[in-house]
Structure formats: C-alpha cells, structure tokens
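J.: Provided herewith: start05.txt, compact mmCIF, C-alpha atoms and all ligand atoms.
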# COMPACT_ATOMS: atom_id res chain seq x y z
CA MET P 1 50.16 4.82 -96.43
CA PHE P 2 51.04 6.75 -99.54
CA ILE P 3 48.77 9.37 -101.03
CA TRP P 4 49.13 10.24 -104.70
CA SER P 5 49.42 13.87 -105.67
CA ASP P 6 50.15 15.81 -108.84
CA THR P 7 53.72 16.24 -107.67
CA PHE P 8 54.27 12.70 -108.93
CA ASN P 9 52.95 13.32 -112.43
CA THR P 10 55.55 12.70 -115.11
CA ASN P 11 52.94 13.51 -117.76
CA ILE P 12 53.76 10.28 -119.55
CA GLU P 13 50.47 8.40 -119.54
CA LEU P 14 51.79 4.84 -119.34
CA VAL P 15 54.36 5.69 -116.65
CA ASP P 16 51.89 7.60 -114.48
CA LEU P 17 49.34 4.81 -114.72
CA GLN P 18 51.90 2.21 -113.66
CA HIS P 19 53.17 4.38 -110.81
CA LYS P 20 49.61 4.82 -109.53
CA ASN P 21 48.98 1.09 -109.71
CA LEU P 22 52.21 0.42 -107.86
CA PHE P 23 51.26 2.72 -105.02
CA GLN P 24 47.83 1.10 -104.88
CA LEU P 25 49.39 -2.34 -104.56
CA LEU P 26 51.68 -1.03 -101.82
CA ASN P 27 48.79 0.54 -99.92
CA LYS P 28 46.70 -2.60 -100.20
CA LEU P 29 49.53 -4.73 -98.92
CA SER P 30 50.23 -2.48 -95.96
CA LEU P 31 46.52 -2.56 -95.05
CA ASN P 32 46.48 -6.34 -95.37
CA ILE P 33 49.45 -6.76 -93.06
CA LYS P 34 47.77 -4.72 -90.34
CA GLN P 35 44.83 -7.13 -90.17
CA ASP P 36 45.13 -9.87 -87.60
CA ASN P 37 43.55 -12.71 -89.51
CA ILE P 38 45.78 -12.46 -92.53
CA SER P 39 46.99 -15.69 -94.04
CA TYR P 40 50.55 -16.39 -95.00
CA GLU P 41 49.52 -17.21 -98.57
CA ASP P 42 47.75 -13.87 -98.95
CA VAL P 43 50.80 -11.86 -97.94
CA ASN P 44 53.05 -14.03 -100.01
CA ASN P 45 50.91 -13.63 -103.12
CA SER P 46 50.58 -9.87 -102.75
CA ILE P 47 54.35 -9.55 -102.41
CA LYS P 48 54.97 -11.64 -105.49
CA LEU P 49 52.46 -9.60 -107.46
CA LEU P 50 54.02 -6.36 -106.26
CA ILE P 51 57.56 -7.39 -107.18
CA HIS P 52 56.44 -8.78 -110.51
CA TYR P 53 54.56 -5.60 -111.36
CA THR P 54 57.53 -3.43 -110.33
CA GLU P 55 59.95 -5.38 -112.50
CA ASN P 56 57.59 -5.02 -115.44
CA HIS P 57 57.28 -1.30 -114.90
CA LEU P 58 61.04 -0.73 -114.80
CA ARG P 59 61.43 -2.70 -118.02
CA ASP P 60 58.69 -0.64 -119.70
CA GLU P 61 60.43 2.58 -118.73
CA GLU P 62 63.71 1.37 -120.14
CA LEU P 63 62.02 0.37 -123.41
CA LEU P 64 60.40 3.78 -123.63
CA MET P 65 63.74 5.52 -123.15
CA MET P 66 65.39 3.41 -125.83
CA GLU P 67 62.57 4.02 -128.30
CA SER P 68 62.86 7.75 -127.73
CA ARG P 69 66.64 7.51 -128.16
CA ILE P 70 67.25 9.29 -124.88
CA ASP P 71 70.88 10.29 -124.25
CA LYS P 72 73.07 7.35 -123.22
CA ARG P 73 74.39 9.27 -120.19
CA HIS P 74 70.91 9.32 -118.73
CA LEU P 75 69.92 5.84 -119.82
CA THR P 76 72.99 4.27 -118.19
CA LYS P 77 72.43 6.03 -114.90
CA HIS P 78 68.70 5.38 -114.89
CA ARG P 79 69.21 1.69 -115.61
CA MET P 80 71.80 1.45 -112.87
CA GLU P 81 69.33 2.85 -110.35
CA HIS P 82 66.71 0.31 -111.44
CA ASN P 83 69.17 -2.56 -111.19
CA SER P 84 70.43 -1.52 -107.80
CA PHE P 85 66.82 -1.38 -106.60
CA LEU P 86 66.07 -4.86 -107.94
CA TYR P 87 69.21 -6.13 -106.21
CA ASP P 88 68.05 -4.68 -102.89
CA VAL P 89 64.56 -6.10 -103.32
CA GLY P 90 66.18 -9.47 -104.00
CA LEU P 91 67.69 -9.29 -100.52
CA PHE P 92 64.15 -9.39 -99.13
CA SER P 93 63.43 -12.53 -101.12
CA ASP P 94 63.81 -14.77 -98.07
CA ILE P 95 60.39 -13.41 -97.12
CA THR P 96 58.69 -15.75 -99.52
CA SER P 97 60.65 -18.73 -98.22
CA SER P 98 59.96 -18.08 -94.53
CA ASP P 99 56.46 -19.21 -93.62
CA ASP P 100 56.75 -18.15 -90.01
CA ARG P 101 55.07 -15.32 -88.19
CA ARG P 102 57.87 -12.94 -88.88
CA ILE P 103 56.56 -12.53 -92.40
CA THR P 104 54.46 -9.52 -91.36
CA ARG P 105 57.49 -7.66 -90.04
CA LYS P 106 59.50 -8.50 -93.10
CA ALA P 107 56.67 -7.49 -95.42
CA THR P 108 56.36 -4.19 -93.54
CA ASN P 109 60.04 -3.51 -94.11
CA LEU P 110 59.71 -4.35 -97.78
CA VAL P 111 56.71 -2.06 -98.21
CA ARG P 112 58.57 0.78 -96.52
CA PHE P 113 61.59 0.21 -98.70
CA ILE P 114 59.69 0.13 -102.00
CA THR P 115 57.56 3.16 -101.06
CA TYR P 116 60.53 5.35 -100.11
CA TRP P 117 62.49 4.20 -103.11
CA LEU P 118 59.66 4.98 -105.52
CA ILE P 119 59.22 8.46 -104.06
CA PHE P 120 62.92 9.19 -104.37
CA HIS P 121 63.21 7.66 -107.83
CA ILE P 122 60.05 9.13 -109.39
CA LEU P 123 60.68 12.65 -108.09
CA GLY P 124 64.35 12.54 -109.05
CA THR P 125 65.28 10.29 -111.95
CA ASP P 126 61.90 9.70 -113.61
CA MET P 127 61.22 13.44 -113.69
CA LEU P 128 64.54 14.02 -115.44
CA MET P 129 63.58 11.33 -117.93
CA SER P 130 60.22 12.94 -118.58
CA ALA P 131 61.78 16.39 -119.03
CA GLN P 132 64.10 14.98 -121.70
CA LEU P 133 61.37 13.04 -123.51
CA THR P 134 59.23 16.19 -123.73
CA ASN P 135 62.09 18.15 -125.24
CA ILE P 136 62.98 15.38 -127.67
CA LYS P 137 59.37 15.27 -128.84
CA ALA P 138 59.46 19.02 -129.34
CA GLY P 139 62.36 18.57 -131.73
CA MET P 140 65.52 18.75 -129.62
CA SER P 141 68.34 16.28 -130.15
CA PRO P 142 68.80 13.80 -127.28
CA GLN P 143 72.15 15.43 -126.46
CA GLN P 144 70.60 18.88 -126.28
CA ALA P 145 67.77 17.56 -124.14
CA PHE P 146 70.29 16.04 -121.73
CA ASP P 147 72.41 19.18 -121.55
CA MET P 148 69.30 21.24 -120.78
CA LEU P 149 68.88 19.35 -117.50
CA LYS P 150 71.54 21.53 -115.88
CA ASP P 151 68.95 24.26 -115.60
CA HIS P 152 66.09 21.95 -114.66
CA LYS P 153 64.58 23.49 -111.53
CA ILE P 154 62.57 21.47 -109.04
CA ASP P 155 60.09 23.15 -106.74
CA PRO P 156 61.05 23.11 -103.03
CA ALA P 157 58.14 20.90 -101.94
CA THR P 158 59.28 18.20 -104.36
CA VAL P 159 62.90 18.57 -103.25
CA ASN P 160 61.91 18.09 -99.62
CA LEU P 161 59.76 15.05 -100.37
CA MET P 162 62.57 13.48 -102.34
CA LEU P 163 65.31 14.20 -99.79
CA ASP P 164 63.10 12.94 -96.95
CA ALA P 165 62.58 9.69 -98.82
CA ILE P 166 66.36 9.17 -99.12
CA ILE P 167 66.81 10.05 -95.43
CA ASN P 168 64.24 7.39 -94.58
CA LEU P 169 65.98 4.80 -96.75
CA TRP P 170 69.21 5.65 -94.93
CA LEU P 171 67.65 5.54 -91.46
CA ASP P 172 66.02 2.16 -92.17
CA ALA P 173 69.35 0.76 -93.36
CA LYS P 174 71.03 2.07 -90.19
CA GLU P 175 68.32 0.50 -88.06
CA ARG P 176 68.89 -2.81 -89.81
CA CYS P 177 72.64 -2.46 -89.17
CA ASN P 178 71.95 -1.98 -85.48
CA GLN P 179 69.79 -5.09 -85.31
CA MET P 180 72.42 -7.09 -87.17
CA GLU P 181 75.09 -5.85 -84.76
CA ILE P 182 73.05 -7.07 -81.79
CA LYS P 183 72.67 -10.42 -83.51
CA VAL P 184 76.41 -10.64 -84.22
CA THR P 185 77.19 -9.97 -80.55
CA GLU P 186 74.73 -12.64 -79.45
CA LEU P 187 76.18 -15.19 -81.86
CA GLN P 188 79.66 -14.33 -80.64
CA LYS P 189 78.58 -15.05 -77.06
CA THR P 190 77.10 -18.38 -78.12
CA ILE P 191 80.37 -19.30 -79.82
CA GLU P 192 82.35 -18.36 -76.72
CA SER P 193 80.15 -20.43 -74.42
CA LEU P 194 80.33 -23.42 -76.77
CA GLN P 195 84.10 -23.10 -76.90
CA SER P 196 84.35 -22.95 -73.13
CA LYS P 197 82.38 -26.19 -72.93
CA GLN P 198 84.97 -27.77 -75.17
CA GLU P 199 87.93 -26.36 -73.31
CA PRO P 200 88.17 -28.55 -70.17
CA SER P 201 88.90 -31.60 -72.22
CA THR P 202 91.31 -29.68 -74.43
CA ILE P 203 93.23 -28.66 -71.30
CA ASN P 204 93.26 -32.27 -70.09
CA GLN P 205 94.56 -33.37 -73.42
CA SER P 206 97.40 -30.91 -73.39
CA GLU P 207 98.25 -31.83 -69.79
CA ASP P 208 98.37 -35.44 -70.82
CA SER P 209 100.67 -34.73 -73.68
CA ALA P 210 102.80 -32.52 -71.44
CA LEU P 211 103.18 -35.44 -69.03
CA GLU P 212 104.10 -37.68 -71.89
CA MET P 213 106.70 -35.18 -73.00
CA ASP P 214 108.07 -35.03 -69.46
CA TRP P 215 108.40 -38.72 -69.38
CA PHE P 216 110.01 -38.79 -72.78
CA ILE P 217 112.63 -36.22 -71.82
CA LYS P 218 113.50 -38.10 -68.68
CA MET F 1 88.61 15.69 -99.74
CA LEU F 2 85.97 18.13 -98.62
CA LEU F 3 86.65 21.39 -100.42
CA TRP F 4 85.17 24.59 -99.11
CA SER F 5 83.17 26.64 -101.55
CA GLY F 6 80.75 29.52 -101.48
CA SER F 7 77.80 27.10 -101.46
CA PHE F 8 78.66 26.19 -97.86
CA GLU F 9 78.54 29.75 -96.55
CA THR F 10 75.88 30.44 -93.94
CA LYS F 11 76.96 34.09 -93.73
CA ILE F 12 77.19 33.76 -89.96
CA ASP F 13 80.80 34.60 -89.17
CA PHE F 14 81.68 32.19 -86.42
CA VAL F 15 79.64 29.32 -87.89
CA ASP F 16 81.46 29.62 -91.22
CA ARG F 17 84.82 29.86 -89.42
CA HIS F 18 84.07 26.69 -87.45
CA HIS F 19 82.87 24.83 -90.52
CA LYS F 20 86.05 25.78 -92.41
CA GLU F 21 88.14 24.55 -89.47
CA ILE F 22 86.30 21.25 -89.40
CA PHE F 23 86.72 20.78 -93.16
CA GLN F 24 90.43 21.55 -92.71
CA LEU F 25 90.80 19.02 -89.88
CA LEU F 26 89.03 16.39 -91.94
CA ASN F 27 91.31 17.05 -94.92
CA ASN F 28 94.36 16.90 -92.64
CA LEU F 29 93.24 13.49 -91.47
CA ILE F 30 92.74 12.34 -95.06
CA ASN F 31 96.25 13.57 -95.94
CA LYS F 32 97.74 11.75 -92.97
CA MET F 33 95.97 8.55 -93.95
CA GLN F 34 97.43 8.79 -97.43
CA GLN F 35 100.97 8.91 -96.04
CA GLY F 36 102.15 5.39 -95.43
CA ASN F 37 104.31 5.84 -92.36
CA ILE F 38 101.81 7.38 -89.99
CA SER F 39 101.74 6.32 -86.35
CA HIS F 40 98.68 5.08 -84.58
CA GLU F 41 98.92 7.94 -82.05
CA ASP F 42 98.95 10.54 -84.80
CA ILE F 43 95.78 9.21 -86.39
CA ASP F 44 94.16 8.81 -83.03
CA SER F 45 94.76 12.40 -81.99
CA ALA F 46 93.69 13.73 -85.39
CA VAL F 47 90.42 11.81 -85.09
CA HIS F 48 89.83 13.08 -81.57
CA LEU F 49 90.54 16.66 -82.51
CA LEU F 50 88.13 16.44 -85.43
CA ILE F 51 85.32 14.96 -83.35
CA HIS F 52 85.94 17.41 -80.54
CA HIS F 53 85.67 20.41 -82.86
CA THR F 54 82.55 19.05 -84.50
CA LYS F 55 80.79 18.54 -81.19
CA ASN F 56 81.86 22.01 -80.11
CA ASN F 57 80.35 23.46 -83.27
CA PHE F 58 77.05 21.71 -82.56
CA HIS F 59 77.02 23.18 -79.09
CA ASN F 60 77.64 26.69 -80.38
CA GLU F 61 74.99 26.38 -83.07
CA GLU F 62 72.42 25.23 -80.57
CA LEU F 63 73.22 28.15 -78.27
CA LEU F 64 72.87 30.53 -81.21
CA MET F 65 69.47 29.08 -82.07
CA LEU F 66 68.32 29.56 -78.48
CA GLU F 67 69.59 33.13 -78.33
CA SER F 68 67.99 33.99 -81.66
CA HIS F 69 64.69 32.37 -80.62
CA VAL F 70 64.61 30.17 -83.71
CA ASP F 71 61.27 28.38 -84.09
CA GLN F 72 61.09 25.17 -82.04
CA ARG F 73 60.06 23.16 -85.07
CA HIS F 74 63.47 23.85 -86.54
CA SER F 75 65.63 23.78 -83.42
CA ALA F 76 64.18 20.44 -82.29
CA MET F 77 64.83 18.88 -85.67
CA HIS F 78 68.30 20.42 -85.85
CA HIS F 79 69.18 19.20 -82.38
CA MET F 80 68.02 15.70 -83.30
CA GLU F 81 70.25 15.63 -86.37
CA HIS F 82 73.25 16.59 -84.23
CA GLN F 83 72.39 13.92 -81.67
CA SER F 84 71.99 11.28 -84.31
CA PHE F 85 75.40 12.20 -85.74
CA ILE F 86 77.03 11.93 -82.32
CA TYR F 87 75.41 8.53 -81.86
CA ASP F 88 76.74 7.32 -85.21
CA ILE F 89 80.19 8.74 -84.55
CA ASP F 90 80.39 7.02 -81.19
CA ASN F 91 79.90 3.75 -83.03
CA PHE F 92 83.26 4.46 -84.63
CA SER F 93 84.82 5.09 -81.22
CA GLU F 94 86.27 1.59 -81.15
CA ILE F 95 88.83 3.11 -83.49
CA SER F 96 90.81 4.59 -80.64
CA GLY F 97 90.68 1.32 -78.76
CA SER F 98 92.00 -0.86 -81.54
CA TYR F 99 95.75 -0.77 -82.02
CA ASP F 100 95.75 -3.19 -84.88
CA ARG F 101 96.25 -2.66 -88.58
CA ARG F 102 92.56 -2.47 -89.29
CA ILE F 103 92.58 1.08 -87.95
CA THR F 104 93.15 2.48 -91.45
CA GLY F 105 90.02 0.77 -92.73
CA LYS F 106 87.98 2.10 -89.83
CA VAL F 107 89.26 5.66 -90.11
CA ASP F 108 88.59 5.49 -93.83
CA LYS F 109 84.95 4.72 -93.10
CA LEU F 110 84.75 7.47 -90.50
CA VAL F 111 86.20 9.99 -92.94
CA ARG F 112 83.76 9.00 -95.66
CA PHE F 113 80.84 9.17 -93.26
CA MET F 114 81.85 12.62 -92.00
CA THR F 115 82.42 13.98 -95.51
CA PHE F 116 78.96 12.98 -96.67
CA TRP F 117 77.27 13.96 -93.45
CA LEU F 118 78.89 17.40 -93.21
CA THR F 119 78.00 18.15 -96.83
CA TYR F 120 74.37 17.24 -96.34
CA HIS F 121 74.00 18.90 -92.93
CA THR F 122 75.85 22.13 -93.73
CA LEU F 123 74.14 22.67 -97.09
CA GLY F 124 70.72 21.64 -95.84
CA THR F 125 70.08 22.11 -92.15
CA ASP F 126 72.68 24.73 -91.22
CA LYS F 127 71.78 27.00 -94.11
CA LEU F 128 68.12 26.67 -93.19
CA MET F 129 69.02 27.79 -89.69
CA ALA F 130 71.03 30.74 -91.00
CA ALA F 131 68.25 31.88 -93.30
CA GLN F 132 65.79 31.91 -90.40
CA ILE F 133 68.12 33.87 -88.16
CA ALA F 134 68.61 36.44 -90.94
CA ASN F 135 64.84 36.76 -91.32
CA ILE F 136 64.34 37.13 -87.57
CA LYS F 137 67.00 39.85 -87.47
CA SER F 138 65.20 41.75 -90.21
CA GLY F 139 62.01 41.79 -88.15
CA MET F 140 60.09 38.55 -88.76
CA THR F 141 58.70 36.52 -85.89
CA PRO F 142 60.35 33.09 -85.48
CA GLN F 143 57.14 31.46 -86.76
CA GLN F 144 57.07 33.66 -89.85
CA ALA F 145 60.75 33.00 -90.47
CA TYR F 146 60.16 29.26 -90.30
CA ASP F 147 57.08 29.30 -92.52
CA SER F 148 58.64 31.58 -95.11
CA LEU F 149 61.38 29.02 -95.75
CA LYS F 150 59.10 26.13 -96.51
CA ASP F 151 58.73 27.39 -100.07
CA GLN F 152 62.22 28.75 -100.49
CA LYS F 153 63.79 27.70 -103.78
CA GLN F 154 67.18 26.03 -103.69
CA ASP F 155 69.54 26.10 -106.62
CA PRO F 156 69.79 22.76 -108.47
CA VAL F 157 73.53 22.39 -107.84
CA THR F 158 73.08 22.52 -104.07
CA VAL F 159 70.13 20.12 -104.23
CA LYS F 160 72.23 17.70 -106.27
CA MET F 161 75.06 17.88 -103.72
CA ILE F 162 72.71 17.19 -100.81
CA GLN F 163 71.03 14.37 -102.71
CA ASP F 164 74.33 12.71 -103.61
CA SER F 165 75.61 12.92 -100.03
CA LEU F 166 72.45 11.32 -98.69
CA LEU F 167 72.60 8.59 -101.32
CA ASN F 168 76.19 7.89 -100.31
CA LEU F 169 75.27 7.72 -96.62
CA TRP F 170 72.55 5.24 -97.54
CA LEU F 171 74.94 3.18 -99.68
CA GLU F 172 77.54 3.02 -96.90
CA SER F 173 74.90 1.76 -94.47
CA LYS F 174 73.71 -0.83 -96.94
CA GLU F 175 77.27 -2.03 -97.39
CA ARG F 176 77.77 -2.30 -93.64
CA CYS F 177 74.51 -4.30 -93.43
CA ALA F 178 75.81 -6.68 -96.09
CA GLN F 179 79.08 -7.17 -94.22
CA LEU F 180 77.29 -7.82 -90.94
CA GLU F 181 75.01 -10.29 -92.67
CA LYS F 182 78.02 -12.16 -94.02
CA LYS F 183 79.54 -12.22 -90.54
CA CYS F 184 76.25 -13.57 -89.13
CA GLY F 185 76.26 -16.35 -91.70
CA GLU F 186 79.83 -17.29 -90.83
CA PHE F 187 79.11 -17.28 -87.11
CA GLU F 188 76.01 -19.41 -87.58
CA LYS F 189 78.05 -21.95 -89.53
CA ASN F 190 80.69 -21.82 -86.81
CA ILE F 191 78.08 -22.55 -84.13
CA GLU F 192 76.72 -25.51 -86.05
CA GLU F 193 80.22 -26.96 -86.35
CA LEU F 194 80.95 -26.42 -82.66
CA LYS F 195 77.68 -28.12 -81.72
CA VAL F 196 78.54 -31.15 -83.83
CA GLU F 197 82.01 -31.30 -82.28
CA LEU F 198 80.52 -31.12 -78.79
CA GLN F 199 78.13 -33.93 -79.61
CA ILE F 200 80.97 -36.11 -80.83
CA MET F 201 82.95 -35.28 -77.69
CA THR F 202 80.15 -36.22 -75.29
CA PHE F 203 79.53 -39.35 -77.35
CA THR F 204 83.14 -40.54 -77.14
CA HIS F 205 83.23 -39.51 -73.46
CA HIS F 206 80.27 -41.75 -72.60
CA ASN F 207 81.91 -44.65 -74.34
FE FE T 1 62.54 4.81 -113.41
FE FE T 2 74.18 22.06 -87.44
As structure tokens - that is how I would like this structure written.
Ligand SMILES: [Fe+2]
Ligand SMILES: [Fe+2]
T.:
Amino acid sequence: MFIWSDTFNTNIELVDLQHKNLFQLLNKLSLNIKQDNISYEDVNNSIKLLIHYTENHLRDEELLMMESRIDKRHLTKHRMEHNSFLYDVGLFSDITSSDDRRITRKATNLVRFITYWLIFHILGTDMLMSAQLTNIKAGMSPQQAFDMLKDHKIDPATVNLMLDAIINLWLDAKERCNQMEIKVTELQKTIESLQSKQEPSTINQSEDSALEMDWFIK
Amino acid sequence: MLLWSGSFETKIDFVDRHHKEIFQLLNNLINKMQQGNISHEDIDSAVHLLIHHTKNNFHNEELLMLESHVDQRHSAMHHMEHQSFIYDIDNFSEISGSYDRRITGKVDKLVRFMTFWLTYHTLGTDKLMAAQIANIKSGMTPQQAYDSLKDQKQDPVTVKMIQDSLLNLWLESKERCAQLEKKCGEFEKNIEELKVELQIMTFTHHN
C-alpha cells in the first residue's frame, strides 16, 4: 500500500495528477489481489489499464520536457530511464497470457515493481525535471537550468525514501535470481535423469559396434 | 577501480585503515585481471585475501558498535547488511572451485559487485555508524544519537554516488536474472527434445 504525501509533489499540475492516479490504480490492484474471490479477467483488466496509463503518463512527461526545451542532457537520461522501465514491465507481460492461479503472485510482483520504481523515479529524476522547468519558466536558459542542478539539495527524508526504493528493487531482483537458480538446478536434474534413461541402449549400441570392430579386425 | 577519497572517511582510525586496505586489495585484483598471463592460483588467492579482509572488517565494526553501545535499531540493520553481503559473496564461491577459463568472467562479476557494494555501504551505512559513535562520545545517549541522524543532511555528491551504486547493483541482478531465464528456456527445450527421443526409442524397442 502506498500513501501519497507532499514529498512527491513536483508542483507540475498535470504530472502530480497523473502520479496520484497511478498510485491509486496500484493500490486498487493490490487490494483486489488480496481478495479471495477475484476473477482472472478482473486482475487482467486492471493490469492492462495500469500499464496503459503508465505508458501514457511517461509520454506526456516527455512531451512536456520537449515543449519546455529542457536541456538535452537531462531529456536523454530521463527518456532512457522511462524506456528501461517499459522494457522491464514488458518482461512481466506473460502475466496476461497465463490464465492460471499464479496470476495473483505475478500481479503482486508487478505491483511491487511499479510502486518501487515510481518512488525512485519521481523522487529522483522527476524532481530534477521539475526543478529545471521552474527555472526555465523564471527566465533561465535550459543550459543554465541544467547546470544549476549540481547544487540541487534534497532533504534527507526524501533521500532515504528514494534509496530504500532502489534497495527494494535490487532485493526483489536478487530474490527472483534465487528462484530462477533453483529452477535451473531442477531442470538440470531432469535432463540428467532423462539422459540416464537413454544411456543403457547407447552403451549396448557401442558394445555392438565394438564387437563388430573386433570381428572386422580379426 | 575503486579510488579512495575524502568522502569515504568515517574518521574512525582503524575503520578507515581497513577500508583503504580493502579498496587496495580490490584494485590489486582488478590490475591482475587486466594482465593477460595471470595464473589461476594467483587470482584465487587474491580473491580469498580480499574476502577474508572484508569479513574481518565486518567483525571489527560489529565489535565496535557493541562496545560503543550503538542503538540496536542501527546495529541490527548494519549487521543484516553485512550478512546479506556475505551470503551474496558466497554465491560467487564457485569461483575457487572452477579451474576453467570462465574464471575471468566470474571474477569480473565479483569485482563489479564488490565495487558497487562497498561504495554504497561505506558511504551510507558505515558513515551513519561513525556519526552515531561520535555523537555518543560527545555525550548523547545511543537513542538520541540515532534519532538525531534521521534528519541529517547529506551532500548531493555523496547521495548521487550511493544512488548510482545501488542502481548498478540492481542492474547487475537484473542481468543475471535475464541470463538465468535464457538458460531455463534452453533447458526446457532440451528436456522436450530428450522426451521425444525417449518416446521414439521405446517405440522402436517395442517393435
Ligand atoms: Fe519521469
Ligand atoms: Fe559496515
């Protein structure tokens, strides 16, 4: 569950509104998943809505930055972060194609991922964007506004929230690695046992051919 | 390369000395890796020395926290970070068991992991510990020392360094996930093929 606070305000009306809506969608979805009598279609639809809304929001932000002629150095980096996020979300896409019971677990992982990512991204990159847009509006050149960021101070509570979000993204990825490693080991065992079932006949075959060779040499 | 700078100083003599040593050992390992004609034994002992010193440093830090009566909320969290690092490092331990050519790739990953982790932990957690110990020495209770740091401002350069290290740790994990996923896919295909082969074998056997 995510609770909105002023820490997340970028003071750009459209952006703040969309961020709030995103968190609301996330909270609704995580509540939905916890209910027992949830239908597959419901979860599936909420996920699609969430992803669709997120994509829209990222595009709106990029448009806003271009309109305000924000410095290219920021725009490039900001866009890269968005794209990398969309790539990662795409990796969850098998959720919508799997209509089994595991959908709740997968949806939970997706919700965690998007929530942590938004916290990290809003408090870090979006805040830097908003600081530049304010300065550009006040008359600075985009280059000046970018160079000013060096001295942009963030209050410690925000820093901690942001770093914790990245730590959680990291820990979740590590956890997924561990699960994958277990799966790899299991698959390896299956392969070995299948190969050992094949082996007896392979041995027979080679014995046969060895006998043939023997006979041939004689 | 992990270069020492003033930002890493905790101002606790022996902690700083140990950290410098660890940075040095890590850089030595990186240098060795960059030389082409390095023997497996050399790399192996450099890795072991590095890990040994790091674990030793953890042990000393934890003793120091006990002696200085650092608030449990911090020492428990700090201890957990150390433990989690040791757990992750032990996952690299196959390095010393594998005498093949892939060792360079594995050590490379270990070195990257340690560089990012040490940056984040030294700048974040260790400095937090040091600040509390300084406050306790100047007369604060451990609780006061802990609470006073919650609102302590960090300079933007340090924050950026911690943030980048954490992002890199996350990226490395994601990459490992992707590799494992690929491996899973290959294995699953392999199993399907083996099953088909077995079916054909039993079929021809019965005939
Ligand atoms: Fe953004
Ligand atoms: Fe430490």
J.: May I ask which of the residues F:Gln83, F:Thr119, F:Ser173, F:Thr104 is the closest one to Ile22 of chain F, counting all atoms listed in the file?
T.: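 Among the listed residues, the smallest separation from Ile22 of chain F belongs to F:Thr119.
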J.: Which of these residues is nearest to Leu63 of chain P, using all atoms listed in the file: P:Leu29, P:Leu14, P:Val111, P:Leu187?
T.: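 Of P:Leu29, P:Leu14, P:Val111, P:Leu187, the one nearest Leu63 of chain P, counting all atoms listed in the file, is P:Leu14.
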J.: Output the contact residues of chain F with respect to chain P at a cut-off of 6 Å, based on all atoms listed in the file, as a list in words.
T.: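 Those within range of chain P come out as Asp151, Lys153, Trp170, Ser173, Lys174, Cys177, Cys184 and Ile191 of chain F.
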J.: Hey, can you check how far atom CA of Ile43 of chain F sits from atom CA of Asn31 of chain F?
T.: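 Pair atom CA of Ile43 of chain F / atom CA of Asn31 of chain F returns 10.5 Å.
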J.: All residues within 10 Å of ligand FE 1 (chain T) are required, counting all atoms listed in the file; please report them as a PDB file with C-alpha atoms, keeping the file's coordinate frame.
T.:
ATOM      1  CA  VAL P  15      54.360   5.690-116.650  1.00  0.00           C
ATOM      2  CA  HIS P  19      53.170   4.380-110.810  1.00  0.00           C
ATOM      3  CA  HIS P  57      57.280  -1.300-114.900  1.00  0.00           C
ATOM      4  CA  LEU P  58      61.040  -0.730-114.800  1.00  0.00           C
ATOM      5  CA  ARG P  59      61.430  -2.700-118.020  1.00  0.00           C
ATOM      6  CA  ASP P  60      58.690  -0.640-119.700  1.00  0.00           C
ATOM      7  CA  GLU P  61      60.430   2.580-118.730  1.00  0.00           C
ATOM      8  CA  GLU P  62      63.710   1.370-120.140  1.00  0.00           C
ATOM      9  CA  MET P  65      63.740   5.520-123.150  1.00  0.00           C
ATOM     10  CA  LEU P  75      69.920   5.840-119.820  1.00  0.00           C
ATOM     11  CA  HIS P  78      68.700   5.380-114.890  1.00  0.00           C
ATOM     12  CA  ARG P  79      69.210   1.690-115.610  1.00  0.00           C
ATOM     13  CA  MET P  80      71.800   1.450-112.870  1.00  0.00           C
ATOM     14  CA  GLU P  81      69.330   2.850-110.350  1.00  0.00           C
ATOM     15  CA  HIS P  82      66.710   0.310-111.440  1.00  0.00           C
ATOM     16  CA  LEU P 118      59.660   4.980-105.520  1.00  0.00           C
ATOM     17  CA  HIS P 121      63.210   7.660-107.830  1.00  0.00           C
ATOM     18  CA  ILE P 122      60.050   9.130-109.390  1.00  0.00           C
ATOM     19  CA  LEU P 123      60.680  12.650-108.090  1.00  0.00           C
ATOM     20  CA  GLY P 124      64.350  12.540-109.050  1.00  0.00           C
ATOM     21  CA  THR P 125      65.280  10.290-111.950  1.00  0.00           C
ATOM     22  CA  ASP P 126      61.900   9.700-113.610  1.00  0.00           C
ATOM     23  CA  MET P 127      61.220  13.440-113.690  1.00  0.00           C
ATOM     24  CA  LEU P 128      64.540  14.020-115.440  1.00  0.00           C
ATOM     25  CA  MET P 129      63.580  11.330-117.930  1.00  0.00           C
ATOM     26  CA  SER P 130      60.220  12.940-118.580  1.00  0.00           C
TER      27      SER P 130
END
J.: Select the residues contacting ligand FE 2 (chain T) at a distance of at most 9 Å, based on only C-alpha atoms and all ligand atoms, then format the selection as a list in words.
T.: Asn57, Phe58, His59, Glu61, Glu62, His78, His79, Glu81, His82, Leu118, His121, Thr122, Thr125, Asp126, Lys127 and Met129 of chain F
J.: Tell me which of P:Gln132, P:Asn21, P:Thr108, P:Ser196 sits closest to Asp71 of chain P, counting all atoms listed in the file.
T.: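 Residue with the minimum atom-to-atom distance to Asp71 of chain P: P:Gln132.
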J.: Quick one: of F:Glu186, F:Glu197, F:Val159, F:Ile133, who's nearest to Lys11 of chain F, counting all atoms listed in the file?
T.: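 Using all atoms listed in the file, the shortest distance to Lys11 of chain F belongs to F:Ile133.
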J.: Atom CA of Lys28 of chain P to atom CA of Tyr87 of chain P: how many Å, to one decimal?
T.: 23.6 Å
